[in-house]
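Undergrad: Can you keep this structure in mind? I'll have questions shortly.
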Amino acid sequence: MDTLPVNIPGFVWAYRFSPTEKTAVRLTNSATVAELTGDNCFYWLHLNLADARVPALLDTLDGLTEDAKSALTTRDTHATITVDEQMLYGTLIDCQRDFAQDTNNLGWLHFAMSDRFIITTRLQPLRSVERARALIEKNPGKFALPVDLFELLVIEFQRTLIAIVIELTEELNLIEDIVYDNAPRDERRRLAPVRRTVVRLHRHLRTVLALMRRAAAADEDEMPFGFDDVARRLTSRLETVDHDIYALQDRARLLHEEIDSKQSSETNRHLYLLSIMTAFLLPPTLVTGFFGMNTANLPFAIGDYGTEYAVILIIGSIVFAWWLLRRVDIL
């Protein structure tokens, strides 16, 4: 692990690619801006926006327009892709990762790309970017152009989405088994975060797809070399996972409706039982209310068996109520 002091503000890592030699050299922490470039080489510089010196660093890099610098330092939380002057810049969606594990929390990767470099910035560590770096270490000679790195980043994002879809599908399977079980349980609280994650992913993915199609339709003179073919491949990949996310969203919605339906049926059953109990107890209530009136000459007030007659009358009223409910097909 490189523990030398960092010379480049916000430095996370940097690679210098040589297409002719098919190599990718990872620069050390002590590298300077001058070491990024070389003969017939391009570089990938990955920066942490938590360092307030990053905007000043970007001003010293050649080839960046003002709009590209703004895209790299923005704090916007929505996807953007812009093609201009043979550059591609904007913001891509990704998922965050921490030191212990990957998460499903959304993060944002800001980028600027030309034929000579690709620069990326972020606030939190991101899942797809880290996996892309690992693939570069395994196969450094695979990348001949910066657009190949851009394609790798989006492909890794698609794979991240596939992993999330599989994870959410397993969670929905567990919820579904409980919902369709005989024992009634309210799984709406467990289903809510799944639906929230799916909706957010679907919304942002649809935005990325629309932006990718729009960028692919730009003039060939405006886009970086090779981006046209890359955009078509990436659009096809993202559309595939978008269908899976949409199906997952539809399934979660139907499952929520099924839970609501079971809860409504359970509530109606409780109200039905309560109504039956009320119907049974109403006649005895009338009987006891009648004998409890403070009036003279009440039946059974005189004699030795008044209480027994009253009990018989109460039981008879319950039986009569039961017979009447059966007669009208309520029971």
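Ordered as shown in the structure tokens, chains take letters A, B, and onward, while each chain numbers its residues from 1 and ligands are numbered from 1 in the order shown.
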Quick one: residues within 7 Å of stretch 141-145 of chain A, only C-alpha atoms, excluding same-chain residues fewer than 5 positions away - as JSON, numbers by chain?
TA: {"A": [19, 22, 23, 24, 115]}
Undergrad: Output the selection as a short mmCIF file (atom, residue, chain, number, x, y, z; two decimals), in the first residue's frame - N, CA, C and O atoms for each residue.
TA:
```cif
data_model
loop_
_atom_site.label_atom_id
_atom_site.label_comp_id
_atom_site.auth_asym_id
_atom_site.auth_seq_id
_atom_site.Cartn_x
_atom_site.Cartn_y
_atom_site.Cartn_z
N PRO A 19 -1.37 2.66 -25.32
CA PRO A 19 -2.00 1.71 -26.24
C PRO A 19 -0.99 0.94 -27.08
O PRO A 19 -1.22 -0.23 -27.42
N LYS A 22 0.47 -1.52 -24.72
CA LYS A 22 -0.61 -2.24 -24.04
C LYS A 22 -0.32 -2.40 -22.55
O LYS A 22 -0.37 -3.49 -21.98
N THR A 23 -0.03 -1.27 -21.94
CA THR A 23 0.26 -1.26 -20.51
C THR A 23 -0.58 -0.20 -19.83
O THR A 23 -1.04 0.77 -20.45
N ALA A 24 -0.77 -0.37 -18.53
CA ALA A 24 -1.45 0.61 -17.69
C ALA A 24 -0.64 0.73 -16.41
O ALA A 24 -0.57 -0.21 -15.61
N ASP A 115 -10.16 12.49 -26.06
CA ASP A 115 -9.30 11.46 -26.64
C ASP A 115 -7.99 11.31 -25.90
O ASP A 115 -7.23 10.37 -26.16
#
```
Undergrad: Residues of stretch 165-227 of chain A in alpha helix (DSSP H) according to DSSP, as a VMD selection string?
TA: chain A and resid 165 to 179 188 to 216 227
Undergrad: Report as a PyMOL selection string all protein, DNA and RNA residues lying within 9 Å of A:Arg188, evaluated on only C-alpha atoms, omitting residues in the same chain fewer than 3 positions from it.
TA: chain A and resi 191-192+256+259-260
Undergrad: Got time to write the residues from that selection, N, CA, C and O atoms, as a PDB file, in the first residue's frame?
TA:
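Final output, out-v1.pdb:
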```
ATOM      1  N   LEU A 191     -41.500  -4.409   3.118  1.00  0.00           N
ATOM      2  CA  LEU A 191     -41.566  -4.197   1.666  1.00  0.00           C
ATOM      3  C   LEU A 191     -41.239  -2.765   1.274  1.00  0.00           C
ATOM      4  O   LEU A 191     -40.751  -2.519   0.165  1.00  0.00           O
ATOM      5  N   ALA A 192     -41.471  -1.821   2.169  1.00  0.00           N
ATOM      6  CA  ALA A 192     -41.307  -0.397   1.835  1.00  0.00           C
ATOM      7  C   ALA A 192     -39.907  -0.045   1.352  1.00  0.00           C
ATOM      8  O   ALA A 192     -39.749   0.606   0.313  1.00  0.00           O
ATOM      9  N   HIS A 256     -47.561  -5.404  -2.780  1.00  0.00           N
ATOM     10  CA  HIS A 256     -48.102  -4.429  -1.824  1.00  0.00           C
ATOM     11  C   HIS A 256     -49.630  -4.424  -1.880  1.00  0.00           C
ATOM     12  O   HIS A 256     -50.301  -4.337  -0.842  1.00  0.00           O
ATOM     13  N   ILE A 259     -50.877  -7.452  -0.037  1.00  0.00           N
ATOM     14  CA  ILE A 259     -50.825  -7.251   1.414  1.00  0.00           C
ATOM     15  C   ILE A 259     -51.987  -6.380   1.872  1.00  0.00           C
ATOM     16  O   ILE A 259     -52.642  -6.678   2.881  1.00  0.00           O
ATOM     17  N   ASP A 260     -52.252  -5.308   1.145  1.00  0.00           N
ATOM     18  CA  ASP A 260     -53.385  -4.442   1.486  1.00  0.00           C
ATOM     19  C   ASP A 260     -54.701  -5.199   1.405  1.00  0.00           C
ATOM     20  O   ASP A 260     -55.591  -5.009   2.249  1.00  0.00           O
TER      21      ASP A 260
END
```
Undergrad: Contacts of A:Glu151 at 12 Å or less, counting only C-alpha atoms, minus same-chain residues fewer than 4 places along, as a PyMOL selection string?
TA: chain A and resi 92+113+118+128-129+132+142-147+155-158+212+226-235+237-238
Undergrad: What is the atom CA of A:Val83-atom CA of A:Pro55 distance in Å, reported with one decimal?
TA: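 Atom CA of A:Pro55 lies at a distance of 21.3 Å from atom CA of A:Val83.
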Undergrad: Find the distance between atom CA of A:Phe150 and atom CA of A:Leu248 and write it in Å to one decimal.
TA: 27.5 Å
Undergrad: Pick out the closest residue to A:Glu170 from this set: A:Leu211, A:Ala252, A:Ile276, A:Arg127. Count only C-alpha atoms.
TA: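 Of the candidates, the smallest distance to A:Glu170 is held by A:Ala252.
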Undergrad: Residues within 9 Å of A:Leu45, please, as a list in words. Count only C-alpha atoms; anything in the same chain fewer than 5 positions from it doesn't count.
TA: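 What passes the distance filter is Phe11, Val12, Trp13, Ala14, Tyr15, Arg16, Leu36, Phe117, Ile118, Ile119, Thr120 and Thr121 of chain A.
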Undergrad: Given the selection you just returned, output its residues as a file containing N, CA, C and O atoms, formatted as a PDB file, in the first residue's frame.
TA:
```pdb
ATOM      1  N   PHE A  11      -6.264  13.394  -4.742  1.00  0.00           N
ATOM      2  CA  PHE A  11      -5.808  12.205  -5.465  1.00  0.00           C
ATOM      3  C   PHE A  11      -6.347  10.931  -4.810  1.00  0.00           C
ATOM      4  O   PHE A  11      -6.161  10.707  -3.620  1.00  0.00           O
ATOM      5  N   VAL A  12      -7.031  10.101  -5.603  1.00  0.00           N
ATOM      6  CA  VAL A  12      -7.440   8.762  -5.168  1.00  0.00           C
ATOM      7  C   VAL A  12      -6.582   7.726  -5.879  1.00  0.00           C
ATOM      8  O   VAL A  12      -5.990   6.859  -5.249  1.00  0.00           O
ATOM      9  N   TRP A  13      -6.541   7.813  -7.205  1.00  0.00           N
ATOM     10  CA  TRP A  13      -5.591   7.029  -7.986  1.00  0.00           C
ATOM     11  C   TRP A  13      -5.486   7.635  -9.380  1.00  0.00           C
ATOM     12  O   TRP A  13      -6.299   8.464  -9.783  1.00  0.00           O
ATOM     13  N   ALA A  14      -4.485   7.204 -10.111  1.00  0.00           N
ATOM     14  CA  ALA A  14      -4.289   7.639 -11.492  1.00  0.00           C
ATOM     15  C   ALA A  14      -3.565   6.535 -12.244  1.00  0.00           C
ATOM     16  O   ALA A  14      -2.684   5.861 -11.695  1.00  0.00           O
ATOM     17  N   TYR A  15      -3.963   6.362 -13.514  1.00  0.00           N
ATOM     18  CA  TYR A  15      -3.316   5.394 -14.394  1.00  0.00           C
ATOM     19  C   TYR A  15      -2.883   6.097 -15.675  1.00  0.00           C
ATOM     20  O   TYR A  15      -3.611   6.951 -16.200  1.00  0.00           O
ATOM     21  N   ARG A  16      -1.738   5.716 -16.182  1.00  0.00           N
ATOM     22  CA  ARG A  16      -1.273   6.185 -17.482  1.00  0.00           C
ATOM     23  C   ARG A  16      -1.255   4.988 -18.431  1.00  0.00           C
ATOM     24  O   ARG A  16      -0.580   3.984 -18.164  1.00  0.00           O
ATOM     25  N   LEU A  36       1.246  12.550 -15.572  1.00  0.00           N
ATOM     26  CA  LEU A  36       0.035  11.955 -16.111  1.00  0.00           C
ATOM     27  C   LEU A  36       0.147  11.716 -17.607  1.00  0.00           C
ATOM     28  O   LEU A  36      -0.372  10.730 -18.133  1.00  0.00           O
ATOM     29  N   PHE A 117      -7.741  11.833 -22.225  1.00  0.00           N
ATOM     30  CA  PHE A 117      -7.875  11.569 -20.792  1.00  0.00           C
ATOM     31  C   PHE A 117      -9.316  11.231 -20.449  1.00  0.00           C
ATOM     32  O   PHE A 117     -10.237  11.466 -21.232  1.00  0.00           O
ATOM     33  N   ILE A 118      -9.476  10.677 -19.265  1.00  0.00           N
ATOM     34  CA  ILE A 118     -10.768  10.590 -18.603  1.00  0.00           C
ATOM     35  C   ILE A 118     -10.530  10.942 -17.133  1.00  0.00           C
ATOM     36  O   ILE A 118      -9.657  10.362 -16.479  1.00  0.00           O
ATOM     37  N   ILE A 119     -11.244  11.936 -16.661  1.00  0.00           N
ATOM     38  CA  ILE A 119     -11.123  12.409 -15.287  1.00  0.00           C
ATOM     39  C   ILE A 119     -12.448  12.146 -14.586  1.00  0.00           C
ATOM     40  O   ILE A 119     -13.516  12.479 -15.120  1.00  0.00           O
ATOM     41  N   THR A 120     -12.403  11.544 -13.412  1.00  0.00           N
ATOM     42  CA  THR A 120     -13.612  11.249 -12.646  1.00  0.00           C
ATOM     43  C   THR A 120     -13.452  11.820 -11.238  1.00  0.00           C
ATOM     44  O   THR A 120     -12.355  11.841 -10.682  1.00  0.00           O
ATOM     45  N   THR A 121     -14.566  12.274 -10.681  1.00  0.00           N
ATOM     46  CA  THR A 121     -14.583  12.793  -9.316  1.00  0.00           C
ATOM     47  C   THR A 121     -15.794  12.228  -8.593  1.00  0.00           C
ATOM     48  O   THR A 121     -16.805  11.894  -9.214  1.00  0.00           O
TER      49      THR A 121
END
```
Undergrad: How far is it from atom CA of A:Pro224 to atom CA of A:Leu88, in Å with one decimal?
TA: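 Atom CA of A:Pro224 sits 7.0 Å away from atom CA of A:Leu88.
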Undergrad: With distances taken over only C-alpha atoms, which of A:Leu153, A:Leu109, A:Ile93, A:Met277 is nearest to A:His202?
TA: A:Ile93
Undergrad: Once DSSP has gone over the backbone, tell me which residues of stretch 110-193 of chain A are in strand (DSSP E), as a compact mmCIF listing (two decimals) with N, CA and C atoms, in the first residue's frame.
TA:
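Result file result28.txt:
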```txt
# COMPACT_ATOMS: atom_id res chain seq x y z
N HIS A 110 -18.91 11.98 -11.27
CA HIS A 110 -18.76 13.07 -12.24
C HIS A 110 -17.57 12.75 -13.14
N PHE A 111 -17.69 13.03 -14.42
CA PHE A 111 -16.63 12.62 -15.35
C PHE A 111 -16.48 13.66 -16.46
N ALA A 112 -15.30 13.64 -17.05
CA ALA A 112 -15.00 14.40 -18.26
C ALA A 112 -14.04 13.57 -19.08
N MET A 113 -14.32 13.42 -20.38
CA MET A 113 -13.53 12.53 -21.22
C MET A 113 -13.24 13.17 -22.56
N PHE A 117 -7.74 11.83 -22.23
CA PHE A 117 -7.88 11.57 -20.79
C PHE A 117 -9.32 11.23 -20.45
N ILE A 118 -9.48 10.68 -19.27
CA ILE A 118 -10.77 10.59 -18.60
C ILE A 118 -10.53 10.94 -17.13
N ILE A 119 -11.24 11.94 -16.66
CA ILE A 119 -11.12 12.41 -15.29
C ILE A 119 -12.45 12.15 -14.59
N THR A 120 -12.40 11.54 -13.41
CA THR A 120 -13.61 11.25 -12.65
C THR A 120 -13.45 11.82 -11.24
N THR A 121 -14.57 12.27 -10.68
CA THR A 121 -14.58 12.79 -9.32
C THR A 121 -15.79 12.23 -8.59
N ARG A 122 -15.69 12.15 -7.28
CA ARG A 122 -16.81 11.66 -6.47
C ARG A 122 -16.63 12.14 -5.04
```
Undergrad: Compile the contact shell of A:Val165 as a list in words: residues with an atom at most 9 Å away, counting only C-alpha atoms, same-chain residues fewer than 5 positions apart removed.
TA: Thr160, Glu170, Val198, Val241, Asp244, Ile245 and Leu248 of chain A
Undergrad: Can you pull out every residue within 9 Å of A:Leu168, counting only C-alpha atoms, but drop anything in the same chain fewer than 4 positions away, and send it as a ChimeraX atom specification?
TA: /A:163-164,172-173,194,197-198,248
Undergrad: When you count only C-alpha atoms, which of these residues is closest to A:Glu258: A:Val33, A:Glu187, A:Thr60, A:Thr82?
TA: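 Closest to A:Glu258 of all the choices is A:Glu187.
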Undergrad: Pick the closest to A:Arg133 from A:Arg253, A:Ala71, A:Phe225, A:Trp44: which is it, counting only C-alpha atoms?
TA: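 Among A:Arg253, A:Ala71, A:Phe225, A:Trp44, it is A:Trp44 that comes nearest to A:Arg133.
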Undergrad: Measuring atom to atom with only C-alpha atoms, identify which of A:Thr103, A:Ser114, A:Asn139, A:Thr77 is nearest to A:Tyr89.
TA: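 Ranked by minimum distance to A:Tyr89, first place goes to A:Ser114.
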